[in-house]
file run-v7.tsv (TSV, C-alpha atoms)
chain	number	residue	atom	x	y	z
A	1	MET	CA	0.00	0.00	0.00
A	2	LYS	CA	1.23	3.43	-0.87
A	3	THR	CA	2.64	5.49	1.97
A	4	TRP	CA	0.34	8.39	1.21
A	5	LEU	CA	-2.70	6.08	1.28
A	6	LYS	CA	-1.63	4.65	4.63
A	7	ARG	CA	-1.38	8.17	6.01
A	8	ILE	CA	-4.86	9.05	4.77
A	9	LEU	CA	-6.37	5.89	6.26
A	10	LEU	CA	-4.57	6.45	9.55
A	11	SER	CA	-5.80	10.03	9.67
A	12	LEU	CA	-9.36	8.90	8.97
A	13	MET	CA	-9.09	6.29	11.72
A	14	VAL	CA	-7.87	8.89	14.18
A	15	LEU	CA	-10.76	11.16	13.23
A	16	VAL	CA	-13.33	8.39	13.63
A	17	VAL	CA	-11.94	7.30	17.01
A	18	GLY	CA	-11.83	10.91	18.12
A	19	ALA	CA	-15.40	11.53	16.99
A	20	VAL	CA	-16.66	8.39	18.75
A	21	GLY	CA	-14.78	9.31	21.92
A	22	TYR	CA	-16.10	12.87	21.83
A	23	GLY	CA	-19.65	11.66	21.22
A	24	TYR	CA	-19.39	9.21	24.12
A	25	TYR	CA	-18.07	11.95	26.39
A	26	GLN	CA	-20.91	14.30	25.40
A	27	LEU	CA	-23.58	11.65	25.96
A	28	LYS	CA	-22.10	10.72	29.32
A	29	SER	CA	-21.74	14.35	30.40
A	30	VAL	CA	-25.50	14.93	30.11
A	31	GLY	CA	-26.38	11.54	31.55
A	32	LEU	CA	-27.70	9.84	28.42
A	33	ILE	CA	-25.31	7.02	29.26
A	34	PRO	CA	-26.42	5.87	32.76
A	35	ARG	CA	-23.85	5.60	35.51
A	36	LYS	CA	-23.57	3.24	38.46
A	37	ASP	CA	-22.04	5.64	40.95
A	38	TYR	CA	-22.97	4.78	44.53
A	39	ASP	CA	-22.03	6.59	47.74
A	40	THR	CA	-21.15	4.52	50.78
A	41	VAL	CA	-19.45	7.06	53.06
A	42	ALA	CA	-22.11	9.17	54.76
A	43	PRO	CA	-21.71	12.94	55.10
A	44	VAL	CA	-21.23	14.50	58.51
A	45	LEU	CA	-24.38	16.45	59.27
A	46	PRO	CA	-24.30	19.75	61.12
A	47	GLU	CA	-26.20	20.29	64.34
A	48	PHE	CA	-29.68	21.33	63.28
A	49	LYS	CA	-31.20	24.00	65.50
A	50	LYS	CA	-34.43	24.17	63.46
A	51	PRO	CA	-36.62	21.62	61.66
A	52	ALA	CA	-34.30	20.19	58.99
A	53	VAL	CA	-35.06	19.42	55.35
A	54	LEU	CA	-32.84	17.31	53.09
A	55	VAL	CA	-32.57	18.53	49.48
A	56	PHE	CA	-31.01	15.67	47.49
A	57	THR	CA	-29.74	16.12	43.92
A	58	LYS	CA	-27.78	13.05	42.78
A	59	THR	CA	-27.94	12.10	39.08
A	60	ASN	CA	-26.90	8.74	37.65
A	61	GLY	CA	-29.13	9.31	34.62
A	62	PHE	CA	-29.97	12.39	32.58
A	63	ILE	CA	-28.58	15.55	34.19
A	64	HIS	CA	-30.81	18.61	34.22
A	65	LYS	CA	-27.80	20.90	34.36
A	66	ASP	CA	-29.75	24.14	34.11
A	67	ALA	CA	-32.76	23.28	36.27
A	68	ILE	CA	-31.04	21.58	39.21
A	69	PRO	CA	-29.07	24.58	40.57
A	70	VAL	CA	-32.03	26.94	40.16
A	71	ALA	CA	-34.43	24.51	41.84
A	72	LYS	CA	-31.88	23.94	44.57
A	73	GLN	CA	-31.73	27.63	45.42
A	74	VAL	CA	-35.51	28.04	45.20
A	75	PHE	CA	-36.06	25.12	47.57
A	76	LYS	CA	-33.42	26.46	49.95
A	77	SER	CA	-35.07	29.87	49.96
A	78	LEU	CA	-38.57	28.45	50.47
A	79	ILE	CA	-37.33	26.22	53.31
A	80	GLU	CA	-35.63	29.09	55.10
A	81	GLN	CA	-38.69	31.32	54.64
A	82	GLN	CA	-40.67	28.76	56.67
A	83	GLY	CA	-38.14	29.01	59.50
A	84	TRP	CA	-36.60	25.62	58.73
A	85	GLN	CA	-33.02	24.63	57.91
A	86	ALA	CA	-32.00	23.23	54.52
A	87	TYR	CA	-29.29	20.62	54.04
A	88	LEU	CA	-28.22	20.24	50.39
A	89	THR	CA	-26.22	17.24	49.18
A	90	ASP	CA	-25.72	14.83	46.30
A	91	ASN	CA	-24.28	12.19	48.65
A	92	ALA	CA	-26.78	9.31	48.59
A	93	ALA	CA	-25.27	7.77	51.74
A	94	VAL	CA	-27.31	10.32	53.68
A	95	HIS	CA	-30.14	7.80	53.24
A	96	SER	CA	-29.35	5.80	56.35
A	97	PRO	CA	-31.63	5.09	59.33
A	98	GLU	CA	-29.45	7.20	61.61
A	99	LEU	CA	-29.32	10.26	59.35
A	100	LEU	CA	-32.84	10.23	57.88
A	101	LYS	CA	-34.37	10.45	61.34
A	102	ARG	CA	-32.79	13.87	61.71
A	103	PHE	CA	-34.90	15.32	58.90
A	104	ASP	CA	-38.54	16.39	58.95
A	105	PHE	CA	-38.87	15.50	55.26
A	106	ILE	CA	-36.74	15.09	52.14
A	107	ILE	CA	-36.85	16.60	48.66
A	108	TRP	CA	-35.53	14.79	45.60
A	109	ASN	CA	-34.59	17.54	43.15
A	110	ASN	CA	-34.48	16.09	39.61
A	111	VAL	CA	-32.77	12.92	40.82
A	112	SER	CA	-32.23	10.44	37.99
A	113	GLY	CA	-30.92	6.95	37.48
A	114	ASP	CA	-30.33	4.28	40.11
A	115	VAL	CA	-28.73	6.19	43.00
A	116	LEU	CA	-29.28	4.13	46.17
A	117	THR	CA	-27.69	0.92	47.37
A	118	ALA	CA	-29.94	-1.88	48.63
A	119	GLU	CA	-29.37	-0.76	52.23
A	120	GLN	CA	-30.13	2.87	51.39
A	121	ARG	CA	-33.36	1.85	49.60
A	122	THR	CA	-34.49	-0.07	52.66
A	123	ALA	CA	-33.64	2.87	54.92
A	124	MET	CA	-35.67	5.35	52.86
A	125	LYS	CA	-38.63	3.01	52.39
A	126	THR	CA	-38.77	2.22	56.11
A	127	TRP	CA	-38.37	5.86	57.08
A	128	ILE	CA	-41.26	6.92	54.83
A	129	GLU	CA	-43.52	4.09	55.96
A	130	ASN	CA	-42.88	5.11	59.57
A	131	GLY	CA	-43.95	8.71	59.02
A	132	GLY	CA	-41.32	10.42	56.87
A	133	GLY	CA	-42.23	12.87	54.10
A	134	TRP	CA	-40.94	12.75	50.50
A	135	LEU	CA	-41.32	15.39	47.79
A	136	GLY	CA	-40.01	14.74	44.28
A	137	VAL	CA	-39.95	16.97	41.22
A	138	HIS	CA	-39.72	16.33	37.48
A	139	ALA	CA	-36.81	13.98	36.66
A	140	SER	CA	-37.23	12.24	40.03
A	141	GLY	CA	-40.03	10.37	38.25
A	142	GLY	CA	-38.77	10.66	34.70
A	143	ASP	CA	-36.71	7.54	33.92
A	144	PHE	CA	-37.87	5.05	31.29
A	145	SER	CA	-37.03	2.17	33.64
A	146	TYR	CA	-36.16	1.64	37.28
A	147	ASP	CA	-34.16	-1.04	39.05
A	148	TRP	CA	-36.22	-0.38	42.18
A	149	GLU	CA	-39.81	-1.48	41.48
A	150	TRP	CA	-41.18	-0.06	44.76
A	151	TYR	CA	-39.93	3.38	43.81
A	152	VAL	CA	-41.82	3.59	40.52
A	153	GLN	CA	-44.87	1.45	41.32
A	154	THR	CA	-45.54	2.65	44.87
A	155	LEU	CA	-43.66	5.86	45.63
A	156	ILE	CA	-44.20	7.59	42.27
A	157	GLY	CA	-47.07	5.31	41.31
A	158	ALA	CA	-46.65	5.31	37.53
A	159	GLN	CA	-43.97	4.65	34.93
A	160	PHE	CA	-42.72	7.57	32.82
A	161	ILE	CA	-43.21	6.76	29.11
A	162	GLY	CA	-42.08	9.93	27.36
A	163	HIS	CA	-42.33	13.69	27.02
A	164	THR	CA	-43.12	16.26	24.38
A	165	MET	CA	-40.60	16.37	21.53
A	166	ASP	CA	-42.49	18.04	18.66
A	167	PRO	CA	-41.54	20.59	19.88
A	168	GLN	CA	-39.96	19.62	23.18
A	169	PHE	CA	-40.90	22.82	25.04
A	170	GLN	CA	-44.46	24.12	24.75
A	171	ASN	CA	-47.00	26.32	26.45
A	172	ALA	CA	-49.76	24.27	28.08
A	173	ASP	CA	-52.80	24.71	30.31
A	174	VAL	CA	-52.47	23.11	33.74
A	175	ILE	CA	-55.79	22.43	35.47
A	176	ALA	CA	-56.45	22.09	39.19
A	177	ALA	CA	-58.25	18.77	39.64
A	178	ASP	CA	-60.08	20.18	42.68
A	179	PRO	CA	-59.89	24.00	42.75
A	180	SER	CA	-61.34	24.06	46.27
A	181	LEU	CA	-58.15	22.57	47.73
A	182	LEU	CA	-55.93	25.07	49.51
A	183	ILE	CA	-52.85	23.74	47.74
A	184	THR	CA	-54.18	24.71	44.29
A	185	ALA	CA	-56.65	27.48	45.17
A	186	HIS	CA	-54.11	30.21	44.35
A	187	LEU	CA	-53.54	29.03	40.77
A	188	PRO	CA	-55.15	30.73	37.75
A	189	LYS	CA	-57.90	28.73	36.09
A	190	PRO	CA	-56.35	27.47	33.89
A	191	TRP	CA	-52.72	27.99	34.81
A	192	ARG	CA	-50.86	28.65	31.57
A	193	VAL	CA	-47.29	27.36	31.97
A	194	LYS	CA	-44.92	28.52	29.27
A	195	GLN	CA	-42.27	26.54	27.41
A	196	GLU	CA	-42.13	23.44	29.54
A	197	GLU	CA	-41.41	19.79	28.81
A	198	TRP	CA	-44.54	17.72	29.50
A	199	TYR	CA	-44.32	14.18	30.85
A	200	ALA	CA	-46.69	11.29	30.20
A	201	PHE	CA	-47.08	8.10	32.25
A	202	ASP	CA	-48.28	4.56	31.66
A	203	GLN	CA	-51.29	4.90	33.96
A	204	ASN	CA	-53.47	7.35	35.84
A	205	VAL	CA	-52.46	7.23	39.50
A	206	ARG	CA	-56.04	8.11	40.45
A	207	ASP	CA	-56.85	4.48	39.68
A	208	LYS	CA	-54.53	3.52	42.55
A	209	GLY	CA	-56.29	5.84	44.95
A	210	TYR	CA	-53.68	8.61	44.78
A	211	GLU	CA	-54.98	12.17	44.96
A	212	VAL	CA	-54.48	13.94	41.63
A	213	LEU	CA	-53.81	17.65	42.13
A	214	LEU	CA	-52.94	18.98	38.68
A	215	THR	CA	-53.77	17.71	35.20
A	216	LEU	CA	-52.83	18.72	31.68
A	217	ASP	CA	-55.23	19.87	29.00
A	218	GLU	CA	-53.77	17.98	26.04
A	219	TYR	CA	-55.82	20.16	23.65
A	220	SER	CA	-53.77	23.18	24.78
A	221	TYR	CA	-50.49	21.87	23.32
A	222	HIS	CA	-49.29	19.50	20.61
A	223	THR	CA	-48.88	15.81	21.37
A	224	ALA	CA	-47.34	13.37	18.91
A	225	GLY	CA	-48.56	10.23	20.65
A	226	GLU	CA	-46.46	7.08	20.45
A	227	THR	CA	-43.21	7.42	18.47
A	228	TRP	CA	-39.76	5.83	18.57
A	229	LEU	CA	-38.90	8.50	21.18
A	230	GLY	CA	-41.65	7.36	23.54
A	231	ASN	CA	-45.22	8.50	24.15
A	232	ASP	CA	-46.17	12.04	25.17
A	233	SER	CA	-49.93	11.58	25.59
A	234	MET	CA	-52.35	9.77	27.89
A	235	PRO	CA	-55.94	8.66	27.30
A	236	GLY	CA	-58.51	10.53	29.38
A	237	GLU	CA	-57.20	12.44	32.39
A	238	HIS	CA	-53.50	13.38	32.22
A	239	PRO	CA	-52.18	13.87	35.79
A	240	ILE	CA	-49.05	15.97	36.20
A	241	ALA	CA	-48.90	16.34	40.02
A	242	TRP	CA	-50.31	14.17	42.80
A	243	ARG	CA	-49.95	13.03	46.41
A	244	HIS	CA	-50.70	10.01	48.56
A	245	THR	CA	-49.70	8.24	51.76
A	246	VAL	CA	-47.36	5.27	52.17
A	247	GLY	CA	-47.89	3.70	55.56
A	248	LYS	CA	-47.66	6.62	57.99
A	249	GLY	CA	-45.65	8.74	55.53
A	250	ARG	CA	-46.65	11.35	52.97
A	251	VAL	CA	-45.49	11.37	49.36
A	252	PHE	CA	-45.84	14.21	46.84
A	253	TYR	CA	-44.71	14.24	43.21
A	254	SER	CA	-44.81	17.00	40.59
A	255	ALA	CA	-43.67	16.27	37.05
A	256	ILE	CA	-43.39	19.99	36.31
A	257	GLY	CA	-39.91	21.48	36.26
A	258	HIS	CA	-37.57	20.85	33.35
A	259	GLN	CA	-36.96	24.53	32.69
A	260	PRO	CA	-35.09	26.69	35.22
A	261	ALA	CA	-37.54	29.55	34.66
A	262	THR	CA	-40.45	27.40	35.86
A	263	TYR	CA	-39.05	27.37	39.40
A	264	GLU	CA	-39.05	31.17	39.35
A	265	TYR	CA	-42.83	31.36	38.81
A	266	LEU	CA	-44.44	32.65	41.99
A	267	GLU	CA	-47.42	30.34	41.34
A	268	TYR	CA	-45.17	27.30	41.26
A	269	GLN	CA	-43.20	28.41	44.30
A	270	ALA	CA	-46.45	28.77	46.25
A	271	PHE	CA	-47.50	25.29	45.11
A	272	LEU	CA	-44.17	23.80	46.21
A	273	ARG	CA	-44.29	25.68	49.53
A	274	LYS	CA	-47.71	24.23	50.28
A	275	ALA	CA	-46.47	20.80	49.17
A	276	MET	CA	-43.63	21.01	51.69
A	277	HIS	CA	-46.06	21.82	54.49
A	278	TRP	CA	-48.24	18.87	53.45
A	279	VAL	CA	-45.41	16.31	53.35
A	280	ARG	CA	-44.16	17.62	56.69
A	281	GLY	CA	-47.58	16.75	58.06
A	282	ARG	CA	-47.65	19.22	60.94
A	283	ASP	CA	-49.23	22.32	59.52
A	284	GLY	CA	-52.87	21.52	58.87
A	285	ASP	CA	-54.56	20.57	55.63
A	286	GLN	CA	-53.19	21.85	52.36

call {"tool": "encode", "arguments": {"input": "run-v7.tsv", "output": "structure tokens"}}
result
Amino acid sequence: MKTWLKRILLSLMVLVVGAVGYGYYQLKSVGLIPRKDYDTVAPVLPEFKKPAVLVFTKTNGFIHKDAIPVAKQVFKSLIEQQGWQAYLTDNAAVHSPELLKRFDFIIWNNVSGDVLTAEQRTAMKTWIENGGGWLGVHASGGDFSYDWEWYVQTLIGAQFIGHTMDPQFQNADVIAADPSLLITAHLPKPWRVKQEEWYAFDQNVRDKGYEVLLTLDEYSYHTAGETWLGNDSMPGEHPIAWRHTVGKGRVFYSAIGHQPATYEYLEYQAFLRKAMHWVRGRDGDQ
């Protein structure tokens, strides 16, 4: 083979390898390639002088790089406004029996992927069943599959099947399922949320006895239905936020929150503030 041809082929090979490596790095950097990164050394907690709230942000799946830091600061601010103390971490080893009992409730902020060891799963499940409170937003219920069946089938209550992609971000009307409830009474009717990513699930959690709080009007935005990217629509009622009890504990999930700007909406902040009071379980009905 000619020397010049060898050089061309070698250069092409280097380019291909480089392109593949770069593509892999980019996919991994945003979490499209799941990771198995587990924490086993627990953080040292400070002495809490007020009711304490854990804000947990670990991502072993897709990383909402823009939304997570904004939501983190909004949650911290809302927590402190209530006279409580926020503890922010991405160390999953905080989910131990000894440490969880120091918190009034926990918030999973766009957590994705499989993040807990078997022992940590048991600790969180037991803690909730014995009276702990859990609040999750958006990606915390947005994986196509879960290794932990209890998490998706009981805690969240439904399997994520896709989100809007045509286009991905759209204005949509969010409807309060029961406008008389204090937790949704402040919302406009309908509440027009701009340029969000809208989740769909494999079932309506109302059929499991969960209390649906917010639904989507699918006529207010464009759905593509089932495609190779997933399914962005649901037959009948389309829940987007709900709550229920697990044993003695309280669980709240809102699928709203891909965009950083959404957490800045005063309407959404009020909704999340009321949700925190409800999962805490000590401040009357919400």

call {"tool": "closest_residue", "arguments": {"input": "run-v7.tsv", "among": "A:Tyr265, A:Trp84, A:Trp134, A:Phe75", "to": "A:Leu155", "atoms": "only C-alpha atoms"}}
result
A:Trp134

call {"tool": "closest_residue", "arguments": {"input": "run-v7.tsv", "among": "A:Tyr87, A:Phe160, A:Tyr151, A:Tyr146", "to": "A:Asn60", "atoms": "all atoms listed in the file"}}
result
A:Tyr146

call {"tool": "closest_residue", "arguments": {"input": "run-v7.tsv", "among": "A:Gly249, A:Pro190, A:Pro34, A:Pro43", "to": "A:Phe144", "atoms": "all atoms listed in the file"}}
result
A:Pro34

call {"tool": "closest_residue", "arguments": {"input": "run-v7.tsv", "among": "A:Asp178, A:Glu47, A:Asp207, A:Asp37", "to": "A:Ala158", "atoms": "all atoms listed in the file"}}
result
A:Asp207

call {"tool": "residues_around", "arguments": {"input": "run-v7.tsv", "residues": "A:Ala255", "least_positions_apart": "6", "cutoff": "7 Å", "atoms": "all atoms listed in the file", "output": "list in words"}}
result
Val137, His138, Tyr199, Ile240 and Ala241 of chain A

call {"tool": "residues_near_point", "arguments": {"input": "run-v7.tsv", "point": "(-52.9, 21.4, 32.7)", "cutoff": "9 Å", "atoms": "all atoms listed in the file", "output": "PyMOL selection string"}}
result
chain A and resi 172-176+190-193+214-218+220+238-240

call {"tool": "residues_around", "arguments": {"input": "run-v7.tsv", "residues": "A:Thr122", "least_positions_apart": "2", "cutoff": "12 Å", "atoms": "only C-alpha atoms", "output": "list in words"}}
result
His95, Ser96, Pro97, Leu100, Leu116, Thr117, Ala118, Glu119, Gln120, Met124, Lys125, Thr126, Trp127, Ile128, Glu129, Trp148, Trp150 and Tyr151 of chain A

call {"tool": "atom_distance", "arguments": {"input": "run-v7.tsv", "atom1": "atom CA of A:Thr245", "atom2": "atom CA of A:Pro179"}}
result
20.8 Å

call {"tool": "atom_distance", "arguments": {"input": "run-v7.tsv", "atom1": "atom CA of A:Asp104", "atom2": "atom CA of A:Met276"}}
result
10.0 Å

call {"tool": "atom_distance", "arguments": {"input": "run-v7.tsv", "atom1": "atom CA of A:Phe48", "atom2": "atom CA of A:Arg282"}}
result
18.2 Å

call {"tool": "closest_residue", "arguments": {"input": "run-v7.tsv", "among": "A:Phe62, A:Trp198, A:Phe271, A:Tyr38", "to": "A:Leu135", "atoms": "only C-alpha atoms"}}
result
A:Phe271

call {"tool": "residues_around", "arguments": {"input": "run-v7.tsv", "residues": "A:Lys50", "least_positions_apart": "4", "cutoff": "12 Å", "atoms": "all atoms listed in the file", "output": "PyMOL selection string"}}
result
chain A and resi 46+79-80+82-87+102-104

call {"tool": "closest_residue", "arguments": {"input": "run-v7.tsv", "among": "A:Ile63, A:Leu99, A:Leu272, A:Leu229", "to": "A:Gln168", "atoms": "only C-alpha atoms"}}
result
A:Leu229

call {"tool": "residues_around", "arguments": {"input": "run-v7.tsv", "residues": "A:Asp90", "least_positions_apart": "5", "cutoff": "9 Å", "atoms": "all atoms listed in the file", "output": "list in words"}}
result
Val55, Phe56, Thr57, Lys58 and Thr59 of chain A

call {"tool": "axis_aligned_box", "arguments": {"input": "run-v7.tsv", "around": "stretch 163-178 of chain A", "padding_each_side": "3 Å", "output": "lines of an AutoDock Vina configuration file"}}
result
center_x = -50.0
center_y = 20.0
center_z = 30.7
size_x = 26.1
size_y = 18.6
size_z = 30.0

call {"tool": "residues_around", "arguments": {"input": "run-v7.tsv", "residues": "A:Glu197", "least_positions_apart": "3", "cutoff": "8 Å", "atoms": "all atoms listed in the file", "output": "number ranges by chain"}}
result
A: 163-164, 168-170, 256-259

call {"tool": "residues_near_point", "arguments": {"input": "run-v7.tsv", "point": "(-44.1, 4.6, 33.4)", "cutoff": "9 Å", "atoms": "all atoms listed in the file", "output": "ChimeraX atom specification"}}
result
/A:141-145,152-153,157-162,200-203

call {"tool": "build_atoms", "arguments": {"input": "run-v7.tsv", "residues": "stretch 190-218 of chain A", "atoms": "N, CA and C atoms", "output": "short mmCIF file (atom, residue, chain, number, x, y, z; two decimals), keeping the file's coordinate frame"}}
result
data_model
loop_
_atom_site.label_atom_id
_atom_site.label_comp_id
_atom_site.auth_asym_id
_atom_site.auth_seq_id
_atom_site.Cartn_x
_atom_site.Cartn_y
_atom_site.Cartn_z
N PRO A 190 -57.47 28.41 33.68
CA PRO A 190 -56.35 27.47 33.89
C PRO A 190 -55.05 28.21 34.17
N TRP A 191 -54.07 27.46 34.59
CA TRP A 191 -52.72 27.99 34.81
C TRP A 191 -51.90 27.72 33.55
N ARG A 192 -51.61 28.78 32.82
CA ARG A 192 -50.86 28.65 31.57
C ARG A 192 -49.36 28.63 31.88
N VAL A 193 -48.73 27.50 31.71
CA VAL A 193 -47.29 27.36 31.97
C VAL A 193 -46.57 27.40 30.64
N LYS A 194 -45.58 28.27 30.55
CA LYS A 194 -44.92 28.52 29.27
C LYS A 194 -43.66 27.68 29.08
N GLN A 195 -43.51 27.18 27.88
CA GLN A 195 -42.27 26.54 27.41
C GLN A 195 -41.72 25.50 28.37
N GLU A 196 -42.56 24.54 28.70
CA GLU A 196 -42.13 23.44 29.54
C GLU A 196 -42.10 22.13 28.74
N GLU A 197 -41.46 21.14 29.35
CA GLU A 197 -41.41 19.79 28.81
C GLU A 197 -42.46 18.97 29.58
N TRP A 198 -43.40 18.34 28.84
CA TRP A 198 -44.54 17.72 29.50
C TRP A 198 -44.45 16.21 29.48
N TYR A 199 -44.44 15.62 30.68
CA TYR A 199 -44.32 14.18 30.85
C TYR A 199 -45.65 13.47 30.61
N ALA A 200 -45.54 12.19 30.25
CA ALA A 200 -46.69 11.29 30.20
C ALA A 200 -46.31 10.00 30.93
N PHE A 201 -47.30 9.30 31.44
CA PHE A 201 -47.08 8.10 32.25
C PHE A 201 -47.95 6.95 31.76
N ASP A 202 -47.60 5.75 32.18
CA ASP A 202 -48.28 4.56 31.66
C ASP A 202 -49.65 4.33 32.28
N GLN A 203 -50.00 5.08 33.33
CA GLN A 203 -51.29 4.90 33.96
C GLN A 203 -51.67 6.15 34.74
N ASN A 204 -52.96 6.26 35.03
CA ASN A 204 -53.47 7.35 35.84
C ASN A 204 -53.41 6.91 37.30
N VAL A 205 -52.62 7.63 38.10
CA VAL A 205 -52.46 7.23 39.50
C VAL A 205 -53.75 7.34 40.30
N ARG A 206 -54.74 8.04 39.78
CA ARG A 206 -56.04 8.11 40.45
C ARG A 206 -56.63 6.71 40.61
N ASP A 207 -56.33 5.84 39.63
CA ASP A 207 -56.85 4.48 39.68
C ASP A 207 -56.26 3.68 40.83
N LYS A 208 -55.14 4.16 41.39
CA LYS A 208 -54.53 3.52 42.55
C LYS A 208 -54.98 4.15 43.87
N GLY A 209 -55.83 5.16 43.76
CA GLY A 209 -56.29 5.84 44.95
C GLY A 209 -55.46 7.05 45.33
N TYR A 210 -54.47 7.42 44.51
CA TYR A 210 -53.68 8.61 44.78
C TYR A 210 -54.52 9.85 44.48
N GLU A 211 -54.23 10.94 45.16
CA GLU A 211 -54.98 12.17 44.96
C GLU A 211 -54.32 13.02 43.87
N VAL A 212 -54.99 13.13 42.74
CA VAL A 212 -54.48 13.94 41.63
C VAL A 212 -54.74 15.41 41.94
N LEU A 213 -53.70 16.23 41.82
CA LEU A 213 -53.81 17.65 42.13
C LEU A 213 -53.86 18.51 40.87
N LEU A 214 -53.00 18.21 39.91
CA LEU A 214 -52.94 18.98 38.68
C LEU A 214 -52.99 18.04 37.48
N THR A 215 -53.70 18.47 36.45
CA THR A 215 -53.77 17.71 35.20
C THR A 215 -53.40 18.61 34.03
N LEU A 216 -53.14 17.99 32.90
CA LEU A 216 -52.83 18.72 31.68
C LEU A 216 -54.01 18.69 30.72
N ASP A 217 -54.27 19.82 30.09
CA ASP A 217 -55.23 19.87 29.00
C ASP A 217 -54.46 19.59 27.71
N GLU A 218 -54.56 18.36 27.21
CA GLU A 218 -53.77 17.98 26.04
C GLU A 218 -54.19 18.74 24.78
#
